[in-house]
Structure formats: C-alpha cells, structure tokens
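Content type mmCIF, C-alpha atoms and all ligand atoms, from the file entry19.cif:
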```
data_coords
#
loop_
_atom_site.label_atom_id
_atom_site.label_comp_id
_atom_site.auth_asym_id
_atom_site.auth_seq_id
_atom_site.Cartn_x
_atom_site.Cartn_y
_atom_site.Cartn_z
CA MET Y 214 4.67 14.59 38.21
CA PRO Y 215 2.74 11.35 37.56
CA LEU Y 216 -0.38 11.31 35.38
CA VAL Y 217 -3.33 13.03 37.07
CA THR Y 218 -7.12 12.85 36.75
CA SER Y 219 -9.01 15.87 35.42
CA THR Y 220 -10.89 16.59 38.67
CA GLU Y 221 -8.70 19.43 39.94
CA MET Y 222 -8.00 20.65 36.41
CA PHE Y 223 -11.71 21.06 35.61
CA LYS Y 224 -12.47 22.78 38.91
CA LYS Y 225 -9.77 25.38 38.20
CA ALA Y 226 -10.88 25.74 34.58
CA TYR Y 227 -14.53 26.22 35.56
CA ASP Y 228 -13.70 28.83 38.17
CA GLY Y 229 -11.07 30.49 36.00
CA GLY Y 230 -13.17 30.80 32.83
CA TYR Y 231 -10.92 28.78 30.56
CA ALA Y 232 -10.86 25.27 29.05
CA VAL Y 233 -8.25 22.55 29.01
CA GLY Y 234 -7.19 21.32 25.57
CA ALA Y 235 -7.72 17.64 24.83
CA PHE Y 236 -5.56 16.61 21.91
CA ASN Y 237 -5.56 13.18 20.25
CA VAL Y 238 -2.26 11.32 20.08
CA ASN Y 239 -1.29 8.56 17.69
CA ASN Y 240 2.51 8.62 17.51
CA MET Y 241 5.63 10.05 19.10
CA GLU Y 242 5.86 13.21 17.01
CA ILE Y 243 2.28 14.20 17.86
CA VAL Y 244 2.89 13.61 21.59
CA GLN Y 245 6.08 15.66 21.41
CA GLY Y 246 4.58 18.56 19.43
CA ILE Y 247 1.67 18.91 21.86
CA THR Y 248 3.64 18.50 25.09
CA GLU Y 249 6.48 20.80 24.04
CA ALA Y 250 3.87 23.51 23.39
CA ALA Y 251 2.17 22.97 26.78
CA LYS Y 252 5.52 22.93 28.58
CA GLU Y 253 6.56 26.19 26.94
CA VAL Y 254 3.38 28.05 27.90
CA ASN Y 255 2.82 26.21 31.20
CA ALA Y 256 -0.59 24.78 30.38
CA PRO Y 257 -2.42 21.76 31.82
CA LEU Y 258 -3.04 19.08 29.23
CA ILE Y 259 -5.28 16.17 28.33
CA LEU Y 260 -3.75 13.67 25.91
CA GLN Y 261 -6.41 11.38 24.51
CA VAL Y 262 -6.32 8.07 22.73
CA SER Y 263 -9.13 6.70 20.57
CA LYS Y 264 -9.99 3.08 19.82
CA GLY Y 265 -8.43 3.71 16.40
CA ALA Y 266 -5.24 5.05 17.97
CA ARG Y 267 -4.94 1.94 20.15
CA ALA Y 268 -5.45 -0.25 17.08
CA TYR Y 269 -2.83 1.74 15.14
CA ALA Y 270 -0.07 2.32 17.67
CA ASN Y 271 -0.80 -0.27 20.39
CA HIS Y 272 -1.97 0.52 23.93
CA THR Y 273 1.42 0.02 25.58
CA TYR Y 274 3.35 2.23 23.13
CA LEU Y 275 0.87 5.06 23.64
CA VAL Y 276 0.86 4.78 27.43
CA LYS Y 277 4.66 4.73 27.52
CA LEU Y 278 4.90 7.73 25.15
CA VAL Y 279 2.57 9.71 27.40
CA GLU Y 280 4.47 8.59 30.51
CA ALA Y 281 7.65 9.77 28.80
CA ALA Y 282 5.99 13.16 28.35
CA THR Y 283 5.31 13.37 32.11
CA ILE Y 284 9.04 12.88 32.70
CA GLU Y 285 10.03 15.46 30.08
CA CYS Y 286 7.42 17.94 31.34
CA PRO Y 287 7.56 17.46 35.13
CA ASN Y 288 5.80 20.73 35.96
CA ILE Y 289 2.59 20.41 33.95
CA PRO Y 290 -0.33 18.17 34.92
CA ILE Y 291 -1.17 15.65 32.19
CA VAL Y 292 -4.28 13.43 31.97
CA LEU Y 293 -4.28 10.28 29.85
CA HIS Y 294 -7.84 9.88 28.56
CA LEU Y 295 -9.70 7.31 26.46
CA ASP Y 296 -11.57 9.15 23.70
CA HIS Y 297 -14.96 7.73 22.62
CA GLY Y 298 -14.77 4.47 24.55
CA PRO Y 299 -17.26 2.31 22.66
CA ASP Y 300 -18.06 -0.22 25.42
CA PHE Y 301 -17.38 -1.31 29.00
CA GLU Y 302 -14.58 -3.71 27.98
CA THR Y 303 -12.54 -1.01 26.21
CA CYS Y 304 -12.97 1.34 29.17
CA LYS Y 305 -11.96 -1.42 31.61
CA SER Y 306 -8.89 -2.24 29.57
CA CYS Y 307 -7.78 1.41 29.70
CA ILE Y 308 -8.61 1.78 33.41
CA ASP Y 309 -6.59 -1.37 34.15
CA GLY Y 310 -3.87 -0.23 31.76
CA GLY Y 311 -2.78 3.12 33.21
CA PHE Y 312 -5.31 5.69 31.94
CA THR Y 313 -6.52 8.29 34.45
CA SER Y 314 -9.72 9.19 32.61
CA VAL Y 315 -12.07 7.42 30.20
CA MET Y 316 -14.99 8.44 28.03
CA ILE Y 317 -17.85 6.03 27.60
CA ASP Y 318 -19.69 7.09 24.49
CA ALA Y 319 -23.10 5.44 24.51
CA SER Y 320 -24.69 8.57 23.02
CA SER Y 321 -26.09 6.65 20.05
CA LYS Y 322 -28.04 4.35 22.40
CA PRO Y 323 -31.49 5.14 23.82
CA PHE Y 324 -31.42 7.34 26.96
CA ALA Y 325 -32.03 4.51 29.46
CA GLU Y 326 -29.38 2.30 27.88
CA ASN Y 327 -26.88 5.18 27.81
CA ILE Y 328 -27.48 5.62 31.56
CA GLU Y 329 -27.08 1.90 32.23
CA ILE Y 330 -23.78 1.50 30.32
CA THR Y 331 -22.35 4.77 31.65
CA LYS Y 332 -23.22 3.86 35.26
CA LYS Y 333 -21.44 0.51 34.93
CA VAL Y 334 -18.28 2.23 33.65
CA VAL Y 335 -18.46 4.91 36.37
CA GLU Y 336 -18.69 2.29 39.12
CA TYR Y 337 -15.65 0.41 37.85
CA ALA Y 338 -13.66 3.59 37.10
CA HIS Y 339 -14.33 5.25 40.46
CA ASP Y 340 -13.35 2.06 42.29
CA HIS Y 341 -9.99 2.41 40.53
CA GLY Y 342 -9.47 6.17 40.98
CA VAL Y 343 -10.32 7.00 37.36
CA VAL Y 344 -12.79 9.66 36.18
CA VAL Y 345 -15.45 9.31 33.49
CA GLU Y 346 -16.72 11.53 30.68
CA ALA Y 347 -20.11 10.60 29.20
CA GLU Y 348 -22.09 12.00 26.26
CA LEU Y 349 -25.66 13.09 25.66
CA GLY Y 350 -26.73 14.15 22.17
CA THR Y 351 -25.17 13.13 18.86
CA LEU Y 352 -22.54 15.00 16.88
CA ALA Y 353 -22.39 14.86 13.11
CA GLY Y 354 -19.20 13.78 11.34
CA VAL Y 355 -16.77 10.85 11.49
CA GLU Y 356 -15.34 9.34 14.67
CA ASP Y 357 -13.53 5.99 14.59
CA GLU Y 358 -15.41 3.93 12.02
CA VAL Y 359 -18.74 5.59 12.77
CA LYS Y 360 -20.08 8.23 10.40
CA VAL Y 361 -23.09 10.26 11.55
CA SER Y 362 -24.89 12.32 8.93
CA ALA Y 363 -26.02 15.85 9.74
CA GLU Y 364 -29.66 14.69 9.61
CA ASP Y 365 -29.01 11.96 12.19
CA SER Y 366 -27.17 14.27 14.60
CA SER Y 367 -29.16 15.89 17.39
CA TYR Y 368 -28.56 18.63 19.93
CA THR Y 369 -28.48 17.65 23.59
CA HIS Y 370 -31.87 18.00 25.30
CA PRO Y 371 -31.17 20.14 28.39
CA GLU Y 372 -34.15 18.66 30.23
CA GLU Y 373 -32.35 15.27 30.30
CA VAL Y 374 -29.01 16.31 31.80
CA GLU Y 375 -29.80 16.39 35.54
CA GLU Y 376 -31.32 12.90 35.52
CA PHE Y 377 -28.43 11.59 33.40
CA VAL Y 378 -25.69 13.00 35.62
CA SER Y 379 -27.34 12.05 38.91
CA LYS Y 380 -28.16 8.50 37.79
CA THR Y 381 -24.77 7.77 36.20
CA GLY Y 382 -22.42 9.66 38.54
CA CYS Y 383 -20.28 10.72 35.56
CA ASP Y 384 -17.61 13.37 36.19
CA SER Y 385 -18.04 15.44 33.02
CA LEU Y 386 -20.53 15.56 30.18
CA ALA Y 387 -19.98 15.98 26.45
CA ILE Y 388 -22.91 17.75 24.80
CA ALA Y 389 -23.97 18.45 21.23
CA ILE Y 390 -24.41 22.15 20.46
CA GLY Y 391 -23.50 22.14 16.78
CA THR Y 392 -19.86 21.06 16.69
CA SER Y 393 -18.99 18.10 14.48
CA HIS Y 394 -16.11 15.67 13.97
CA GLY Y 395 -13.60 15.78 11.11
CA ALA Y 396 -12.47 18.39 8.59
CA TYR Y 397 -15.80 18.66 6.76
CA LYS Y 398 -18.03 19.75 9.58
CA PHE Y 399 -20.76 21.31 7.52
CA THR Y 400 -22.03 20.99 3.98
CA ALA Y 401 -21.89 24.06 1.75
CA ALA Y 402 -25.70 24.15 1.95
CA GLN Y 403 -25.56 24.56 5.76
CA CYS Y 404 -23.15 27.52 5.48
CA THR Y 405 -23.06 31.00 4.04
CA ARG Y 406 -20.01 32.34 2.14
CA ASN Y 407 -18.04 35.41 3.18
CA GLU Y 408 -16.62 38.00 0.76
CA LYS Y 409 -13.52 35.81 0.16
CA GLY Y 410 -15.71 32.84 -0.79
CA ILE Y 411 -14.86 31.00 2.44
CA LEU Y 412 -17.68 28.97 4.00
CA VAL Y 413 -19.07 30.40 7.25
CA PRO Y 414 -20.74 27.71 9.38
CA PRO Y 415 -23.94 28.11 11.38
CA PRO Y 416 -23.25 29.45 14.91
CA LEU Y 417 -23.02 27.12 17.90
CA ARG Y 418 -26.16 26.78 20.03
CA PHE Y 419 -25.07 28.80 23.05
CA ASP Y 420 -28.68 28.77 24.23
CA VAL Y 421 -28.44 24.97 24.68
CA LEU Y 422 -25.11 25.32 26.51
CA GLU Y 423 -26.53 27.97 28.83
CA GLU Y 424 -29.61 25.91 29.64
CA VAL Y 425 -27.45 22.84 30.38
CA SER Y 426 -25.15 24.91 32.64
CA LYS Y 427 -28.10 26.37 34.52
CA ARG Y 428 -29.29 22.86 35.29
CA LEU Y 429 -25.80 21.60 36.25
CA PRO Y 430 -24.13 24.46 38.13
CA GLY Y 431 -20.39 23.95 38.55
CA PHE Y 432 -20.38 20.80 36.41
CA PRO Y 433 -17.70 20.50 33.68
CA ILE Y 434 -19.00 20.37 30.11
CA VAL Y 435 -17.01 18.96 27.19
CA LEU Y 436 -17.06 19.94 23.54
CA HIS Y 437 -16.04 17.38 20.93
CA GLY Y 438 -15.55 18.13 17.25
CA SER Y 439 -13.91 21.47 17.99
CA SER Y 440 -11.26 21.78 15.33
CA SER Y 441 -11.33 25.06 13.46
CA VAL Y 442 -9.86 23.63 10.24
CA PRO Y 443 -7.24 26.38 9.68
CA GLN Y 444 -7.57 27.54 6.11
CA GLU Y 445 -3.81 28.08 5.77
CA TYR Y 446 -3.32 24.32 6.20
CA VAL Y 447 -6.21 23.42 3.90
CA LYS Y 448 -4.55 25.70 1.32
CA MET Y 449 -1.13 24.13 1.95
CA ILE Y 450 -2.61 20.68 1.38
CA ASN Y 451 -4.46 21.74 -1.76
CA GLU Y 452 -1.42 23.55 -3.19
CA ASN Y 453 0.75 20.48 -2.70
CA GLY Y 454 -1.23 17.77 -4.39
CA GLY Y 455 -4.11 17.36 -1.94
CA LYS Y 456 -7.79 17.75 -2.61
CA MET Y 457 -9.84 19.05 0.31
CA PRO Y 458 -12.44 21.38 -1.15
CA ASP Y 459 -14.74 23.20 1.26
CA ALA Y 460 -13.17 21.81 4.45
CA VAL Y 461 -14.61 23.94 7.23
CA GLY Y 462 -14.43 24.05 11.04
CA ILE Y 463 -15.69 25.86 14.13
CA PRO Y 464 -14.66 29.55 14.31
CA GLU Y 465 -12.11 30.04 17.09
CA GLU Y 466 -13.97 33.02 18.63
CA GLN Y 467 -16.93 30.74 19.36
CA LEU Y 468 -14.68 28.20 21.08
CA ARG Y 469 -13.07 31.01 23.05
CA LYS Y 470 -16.53 32.09 24.24
CA ALA Y 471 -17.47 28.49 25.18
CA ALA Y 472 -14.24 28.22 27.20
CA THR Y 473 -15.24 31.22 29.32
CA LEU Y 474 -18.55 29.51 30.16
CA SER Y 475 -19.01 26.00 31.62
CA VAL Y 476 -16.96 24.23 28.93
CA CYS Y 477 -13.84 22.87 30.66
CA LYS Y 478 -12.52 20.47 27.97
CA ILE Y 479 -12.27 21.15 24.24
CA ASN Y 480 -11.32 18.29 21.89
CA ILE Y 481 -9.02 19.03 18.97
CA ASP Y 482 -7.70 16.39 16.60
CA SER Y 483 -8.37 17.24 12.96
CA ASP Y 484 -6.45 20.54 13.12
CA LEU Y 485 -3.29 18.67 14.15
CA ARG Y 486 -3.79 16.18 11.32
CA LEU Y 487 -4.13 19.03 8.83
CA ALA Y 488 -0.96 20.70 10.13
CA MET Y 489 1.00 17.47 9.92
CA THR Y 490 -0.28 16.46 6.50
CA GLY Y 491 0.08 19.94 4.98
CA THR Y 492 3.64 20.25 6.23
CA ILE Y 493 4.66 16.83 4.93
CA ARG Y 494 2.99 17.36 1.54
CA GLN Y 495 4.78 20.69 1.16
CA PHE Y 496 8.10 19.15 2.22
CA PHE Y 497 7.88 16.43 -0.43
CA ASN Y 498 6.82 18.90 -3.10
CA GLU Y 499 9.86 21.04 -2.29
CA HIS Y 500 12.26 18.13 -1.73
CA PRO Y 501 11.24 15.27 -4.01
CA ASP Y 502 14.63 13.62 -3.51
CA LYS Y 503 14.42 13.31 0.30
CA PHE Y 504 13.45 10.08 1.99
CA ASP Y 505 14.60 10.30 5.63
CA PRO Y 506 11.43 10.30 7.83
CA ARG Y 507 13.21 12.48 10.39
CA GLU Y 508 13.55 15.24 7.81
CA TYR Y 509 9.83 15.49 7.06
CA LEU Y 510 8.54 14.61 10.54
CA LYS Y 511 10.65 17.34 12.14
CA PRO Y 512 8.88 20.30 10.48
CA ALA Y 513 5.53 18.51 10.92
CA ARG Y 514 6.17 18.21 14.66
CA ALA Y 515 7.28 21.87 14.82
CA ASN Y 516 4.07 23.04 13.14
CA ILE Y 517 1.93 20.92 15.50
CA LYS Y 518 3.74 22.62 18.37
CA GLU Y 519 3.05 26.12 16.99
CA LEU Y 520 -0.59 25.30 16.35
CA VAL Y 521 -1.09 23.87 19.85
CA LYS Y 522 0.61 26.91 21.40
CA HIS Y 523 -1.82 29.14 19.53
CA LYS Y 524 -4.79 27.08 20.76
CA LEU Y 525 -3.59 27.08 24.38
CA ILE Y 526 -2.97 30.82 24.46
CA ASN Y 527 -5.65 32.28 22.20
CA VAL Y 528 -8.51 29.79 22.06
CA LEU Y 529 -8.57 27.78 25.30
CA GLY Y 530 -7.11 30.47 27.52
CA CYS Y 531 -5.22 27.90 29.62
CA ALA Y 532 -1.64 29.12 29.11
CA GLY Y 533 -0.01 29.81 32.48
CA LYS Y 534 -2.62 27.71 34.33
CA ALA Y 535 -0.59 24.54 34.95
O1 LIG A 601 -13.42 11.95 17.48
C1 LIG A 601 -12.57 11.21 17.02
C2 LIG A 601 -11.13 11.59 17.06
O2 LIG A 601 -10.85 12.59 16.12
C3 LIG A 601 -10.29 10.37 16.88
O3 LIG A 601 -10.28 9.98 15.57
O4 LIG A 601 -11.03 7.62 15.62
O5 LIG A 601 -9.71 8.51 13.71
O6 LIG A 601 -8.63 8.14 15.93
P1 LIG A 601 -9.90 8.45 15.18
P1 LIG A 602 -12.18 17.31 15.59
O1 LIG A 602 -12.42 16.30 14.50
O2 LIG A 602 -12.99 18.54 15.36
O3 LIG A 602 -10.75 17.61 15.77
O4 LIG A 602 -12.72 16.69 16.97
C1 LIG A 602 -11.93 15.80 17.70
C2 LIG A 602 -12.70 15.10 18.75
O5 LIG A 602 -13.80 15.44 19.11
C3 LIG A 602 -12.06 13.95 19.39
O6 LIG A 602 -12.92 13.29 20.27
ZN ZN A 603 -14.97 13.38 19.72
#
```

Encoding of this model in structure tokens:
Amino acid sequence: MPLVTSTEMFKKAYDGGYAVGAFNVNNMEIVQGITEAAKEVNAPLILQVSKGARAYANHTYLVKLVEAATIECPNIPIVLHLDHGPDFETCKSCIDGGFTSVMIDASSKPFAENIEITKKVVEYAHDHGVVVEAELGTLAGVEDEVKVSAEDSSYTHPEEVEEFVSKTGCDSLAIAIGTSHGAYKFTAAQCTRNEKGILVPPPLRFDVLEEVSKRLPGFPIVLHGSSSVPQEYVKMINENGGKMPDAVGIPEEQLRKAATLSVCKINIDSDLRLAMTGTIRQFFNEHPDKFDPREYLKPARANIKELVKHKLINVLGCAGKA
C-alpha cells in the first residue's frame, strides 16, 4: 500500500492500548532491518527522518528507500515522518517532497511563538493532506546539532496543553516527562545503582502524562528520547574497542506502561545505532582481515531487525496490529 498518515494508526493505538514505533532511518540497511521486523510481526510503522539524516543521505534517497519498503511490505501501513523539523521551510520541503507526516519542533521557543510557528506548519500541512506533530516541554540530551543540558530541560506544563492544541490544530503532541535523547540520558548523579552496579534512572513522570491525558481525552501523545540503551550492546561496544561508560536509557517496562496509556508514538533511534555499532565493532575485532561492507553490514542489519522485533512485540505492543 502507499505511504499513509498516522491518523488511523493513532486512533487504533489509542483505543487498543499500544504504541506505534517510530524509528529513525539514515541508510538502506537501517530501513531494511526495521521493515523486515515489522513485516514479520505484522506491525504498523513510522519511519522518521531528521534534518541530519537528510543532510547525510539526501532527501530523495531516503524517500525512495522508504517507498521501496512499501513495495516490499505491501501489507503493513508505513508513515514517512520528519523528525524534529526545525522550521517552516524544512517542514514545507518534506510536505512537498512526499512525506505524510512532519514534526515542527519549536519547543525551545516561548509558548506564544511555538503556537505561531506550529499553526503555520499545520495550515500548510493540512492543505496538503499531511499531519503534524508538535512539542511542548524540553527534553534533555542531543538532537541534531542541539544539546540541551539536564538543567535546561523542563517537563511539559499540563495546564498549557489544551490552549496549545486548540490554537495550533496539531494532530499529535510530544511531551517531556523525563525521557531524554541519546545514549547518555542521565548523569550518574541523577541515578541510583543496582546490585550489579548498573545505573538506574529516575522514573518517568507518569503524573504529568496522566494530567495531560485528562485534559486531552483521545488525543495521541508522543514520547521522544525513548531508547532503553540495551546493556548487552553497550558491553559489546566496550569489549570491542569502544568507550561508552555509564550509557543509560529508559527502562522498557516504563515504556510499556506509557504505551498502554495515551502514548501512541514512541521514538527509538539510539538503540538501533548501538546495535549497529556494537555488531560492526565485534565483526572487525573477530575478522580484522575483512573489508567487504556487505559482510559487516549484514549482521548489523540482522541485529537491528531482532532488536526492532523485540520492541514491537514486548515494548510497544503493536505486533499483529497492522
Ligand atoms: O532526536 C534525534 C534523533 O535521534 C535523530 O538524531 O539528529 O543525529 O539524526 P540525528
Ligand atoms: P533516542 O535517542 O532515545 O533513541 O530518541 C530518539 C528520538 O527521540 C528521535 O526523535
Ligand atoms: Zn526526538
């Protein structure tokens, strides 16, 4: 089937108590790993492209790779989404260029300015049959070239969400409840350590999520920064020449719980990067003589597929929902 918007997908996810996985794509192997997993477990899918991905791989290559996935996976609905659109022009370029969904991220701007920019994008997008995700609140961590320190991050203020959604007309809302971008989501000082010495992050603010949902009944909520930073891949990286001390993510049980509530879209990127990098590092350590990219990209793609399958089945709960 052709690319779809997320409207129907989110309605089913909201009513069904699960979330759709939104995975970032930057090259063919990542697209293939994710879509093969979704095809195998019959899950709906959001493939998302950041400003950095467009700069790296080129808009047309990414659109055509995702369109190829729709041909290879004819029975699962796939959304092509702009992740963290920084301005109207970038959103317009994606709307004009084949995307079915865009995010305008003006969350770092003052409230009134966020409304103004978001509204402008919504008007253009809706005129072209495209849906819009907006953001209120600021996540910590690194996204594109922007790094937000934990002190500068802020939880979403629930009392702002009704005015924001009604004035902008956005179709979904990303909120800040304690998730964070990247593989180092929390400092050691923000965490406790379990008996194995592994960092345990502070719990997500489900009270904020519940208050937002109460004010926006039936409205799809989005969580960014939702990688769990699998420790087996951090270990694989560290045992094969990498250095990622104290990388820590969001516990999967908490994401599972969020997916049963009003959260309809969960963004995962860093986990796929860790799987790919760990696998390639291990491959080169074990085969220092090899130099054919197909030989090291093949196991990397296979591990992305396994990881995505696990997320779809056990974390998002969207397997079988295509
Ligand atoms: O939130 C950001 C995503 O992980 C995309 O990362 O800007 O490095 O492509 P990127
Ligand atoms: P992670 O860095 O936790 O994978 O978050 C990805 C994300 O939010 C993309 O927008
Ligand atoms: Zn994000």

Of Y:Glu253, Y:Asp309, Y:Glu519, Y:Asp296, the one sitting nearest ligand LIG 601 (chain A) when using all atoms listed in the file is Y:Asp296

Quick one: of Y:Pro501, Y:Gly298, Y:Pro430, Y:Gly382, who's nearest to ligand ZN 603 (chain A), counting all atoms listed in the file?
Y:Gly298

Output as a Markdown table one row per residue of range 358-459 of chain Y within 12 Å of range 339-351 of chain Y: the closest atom pair and its distance in Å to one decimal place, counting all atoms listed in the file, sorted by chain and residue number ascending.
```
| residue | atom | partner | partner_atom | distance |
| --- | --- | --- | --- | --- |
| Y:Val359 | CA | Y:Thr351 | CA | 11.6 |
| Y:Lys360 | CA | Y:Thr351 | CA | 11.0 |
| Y:Val361 | CA | Y:Thr351 | CA | 8.1 |
| Y:Ser362 | CA | Y:Thr351 | CA | 10.0 |
| Y:Ala363 | CA | Y:Thr351 | CA | 9.6 |
| Y:Glu364 | CA | Y:Thr351 | CA | 10.4 |
| Y:Asp365 | CA | Y:Thr351 | CA | 7.8 |
| Y:Ser366 | CA | Y:Thr351 | CA | 4.8 |
| Y:Ser367 | CA | Y:Thr351 | CA | 5.1 |
| Y:Tyr368 | CA | Y:Gly350 | CA | 5.3 |
| Y:Thr369 | CA | Y:Gly350 | CA | 4.2 |
| Y:His370 | CA | Y:Gly350 | CA | 7.1 |
| Y:Pro371 | CA | Y:Leu349 | CA | 9.4 |
| Y:Glu372 | CA | Y:Leu349 | CA | 11.1 |
| Y:Glu373 | CA | Y:Leu349 | CA | 8.4 |
| Y:Val374 | CA | Y:Leu349 | CA | 7.7 |
| Y:Glu375 | CA | Y:Leu349 | CA | 11.2 |
| Y:Glu376 | CA | Y:Leu349 | CA | 11.4 |
| Y:Phe377 | CA | Y:Leu349 | CA | 8.4 |
| Y:Val378 | CA | Y:Ala347 | CA | 8.8 |
| Y:Lys380 | CA | Y:Ala347 | CA | 12.0 |
| Y:Thr381 | CA | Y:Ala347 | CA | 8.9 |
| Y:Gly382 | CA | Y:Val345 | CA | 8.6 |
| Y:Cys383 | CA | Y:Val345 | CA | 5.4 |
| Y:Asp384 | CA | Y:Val345 | CA | 5.3 |
| Y:Ser385 | CA | Y:Glu346 | CA | 4.7 |
| Y:Leu386 | CA | Y:Ala347 | CA | 5.1 |
| Y:Ala387 | CA | Y:Glu348 | CA | 4.5 |
| Y:Ile388 | CA | Y:Leu349 | CA | 5.5 |
| Y:Ala389 | CA | Y:Gly350 | CA | 5.2 |
| Y:Ile390 | CA | Y:Gly350 | CA | 8.5 |
| Y:Gly391 | CA | Y:Thr351 | CA | 9.4 |
| Y:Thr392 | CA | Y:Thr351 | CA | 9.8 |
| Y:Ser393 | CA | Y:Thr351 | CA | 9.1 |
| Y:His394 | CA | Y:Thr351 | CA | 10.6 |
| Y:Val421 | CA | Y:Gly350 | CA | 11.2 |
| Y:Val425 | CA | Y:Leu349 | CA | 11.0 |
| Y:Phe432 | CA | Y:Glu346 | CA | 11.5 |
| Y:Pro433 | CA | Y:Glu346 | CA | 9.5 |
| Y:Ile434 | CA | Y:Glu346 | CA | 9.1 |
| Y:Val435 | CA | Y:Glu346 | CA | 8.2 |
| Y:Leu436 | CA | Y:Glu348 | CA | 9.8 |
| Y:His437 | CA | Y:Glu348 | CA | 9.7 |
| Y:Gly438 | CA | Y:Thr351 | CA | 11.0 |
```

Quick one: of Y:Ser441, Y:Asn453, Y:Gln261, Y:Ser306, who's nearest to ligand ZN 603 (chain A), counting all atoms listed in the file?
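Among the listed residues, Y:Gln261 lies closest to ligand ZN 603 (chain A).
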
Which residue gives the smallest distance to Val217 in chain Y among Y:Lys264, Y:Val238, Y:Val276, Y:Thr313, with only C-alpha atoms counted?
Y:Thr313

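Taking CA of Phe504 in chain Y and CA of His272 in chain Y as endpoints, the distance between them is 28.5 Å.
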
Return the single residue from Y:Asn327, Y:Ser483, Y:Ser320, Y:Ser426 that is closest to Tyr397 in chain Y, with distances computed using all atoms listed in the file.
Y:Ser483

What separation in Å, quoted to one decimal, exists between CA of Ala471 in chain Y and CA of Leu429 in chain Y?
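If I compute the distance from CA of Ala471 in chain Y to CA of Leu429 in chain Y, I get 15.5 Å.
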
Can you tell me which residues come within 10 Å of ligand LIG 601 (chain A) when counting all atoms listed in the file, ideally as a ChimeraX atom specification?
/Y:236-239,261-269,296-297,352,354-359,393-396,437-440,480-486

Just-selected residues, C-alpha atoms written as a compact mmCIF listing (two decimals), keeping the file's coordinate frame:
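As written to disk, again_22.txt reads:
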```txt
# COMPACT_ATOMS: atom_id res chain seq x y z
CA PHE Y 236 -5.56 16.61 21.91
CA ASN Y 237 -5.56 13.18 20.25
CA VAL Y 238 -2.26 11.32 20.08
CA ASN Y 239 -1.29 8.56 17.69
CA GLN Y 261 -6.41 11.38 24.51
CA VAL Y 262 -6.32 8.07 22.73
CA SER Y 263 -9.13 6.70 20.57
CA LYS Y 264 -9.99 3.08 19.82
CA GLY Y 265 -8.43 3.71 16.40
CA ALA Y 266 -5.24 5.05 17.97
CA ARG Y 267 -4.94 1.94 20.15
CA ALA Y 268 -5.45 -0.25 17.08
CA TYR Y 269 -2.83 1.74 15.14
CA ASP Y 296 -11.57 9.15 23.70
CA HIS Y 297 -14.96 7.73 22.62
CA LEU Y 352 -22.54 15.00 16.88
CA GLY Y 354 -19.20 13.78 11.34
CA VAL Y 355 -16.77 10.85 11.49
CA GLU Y 356 -15.34 9.34 14.67
CA ASP Y 357 -13.53 5.99 14.59
CA GLU Y 358 -15.41 3.93 12.02
CA VAL Y 359 -18.74 5.59 12.77
CA SER Y 393 -18.99 18.10 14.48
CA HIS Y 394 -16.11 15.67 13.97
CA GLY Y 395 -13.60 15.78 11.11
CA ALA Y 396 -12.47 18.39 8.59
CA HIS Y 437 -16.04 17.38 20.93
CA GLY Y 438 -15.55 18.13 17.25
CA SER Y 439 -13.91 21.47 17.99
CA SER Y 440 -11.26 21.78 15.33
CA ASN Y 480 -11.32 18.29 21.89
CA ILE Y 481 -9.02 19.03 18.97
CA ASP Y 482 -7.70 16.39 16.60
CA SER Y 483 -8.37 17.24 12.96
CA ASP Y 484 -6.45 20.54 13.12
CA LEU Y 485 -3.29 18.67 14.15
CA ARG Y 486 -3.79 16.18 11.32
```

Go through Y:Leu525, Y:Val442, Y:Leu417, Y:Leu278 one by one, measure the shortest atom-to-atom distance of each to Lys470 in chain Y using all atoms listed in the file, and give the residue with the smallest value.
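Going through Y:Leu525, Y:Val442, Y:Leu417, Y:Leu278 one by one, the smallest distance to Lys470 in chain Y is for Y:Leu417.
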
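With CA of Leu295 in chain Y on one side and CA of Val315 in chain Y on the other, the separation reads 4.4 Å.
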
Contacts of range 497-499 of chain Y at 10 Å or less, counting all atoms listed in the file, minus same-chain residues fewer than 6 places along, as a list of chain:residue names?
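Answer for this query is Y:Glu452, Y:Asn453, Y:Gly454, Y:Tyr509.
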
Please check which residues have atoms at most 6 Å from (-17.0, 3.4, 25.8) in the file's coordinates, counting all atoms listed in the file, and write them as a list in words.
His297, Gly298, Pro299, Asp300, Phe301, Cys304, Met316, Ile317 and Asp318 of chain Y

Selected residues written out with C-alpha atoms, as a short mmCIF file (atom, residue, chain, number, x, y, z; two decimals), keeping the file's coordinate frame:
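Saved result, result.cif, follows:
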```
data_model
loop_
_atom_site.label_atom_id
_atom_site.label_comp_id
_atom_site.auth_asym_id
_atom_site.auth_seq_id
_atom_site.Cartn_x
_atom_site.Cartn_y
_atom_site.Cartn_z
CA HIS Y 297 -14.96 7.73 22.62
CA GLY Y 298 -14.77 4.47 24.55
CA PRO Y 299 -17.26 2.31 22.66
CA ASP Y 300 -18.06 -0.22 25.42
CA PHE Y 301 -17.38 -1.31 29.00
CA CYS Y 304 -12.97 1.34 29.17
CA MET Y 316 -14.99 8.44 28.03
CA ILE Y 317 -17.85 6.03 27.60
CA ASP Y 318 -19.69 7.09 24.49
#
```

Within 12 Å of (-4.3, 17.4, 39.3), in the coordinates the file gives, what residues turn up when you count only C-alpha atoms, written out as a PyMOL selection string?
chain Y and resi 214-226+257-259+288-293+313-314+344+534-535
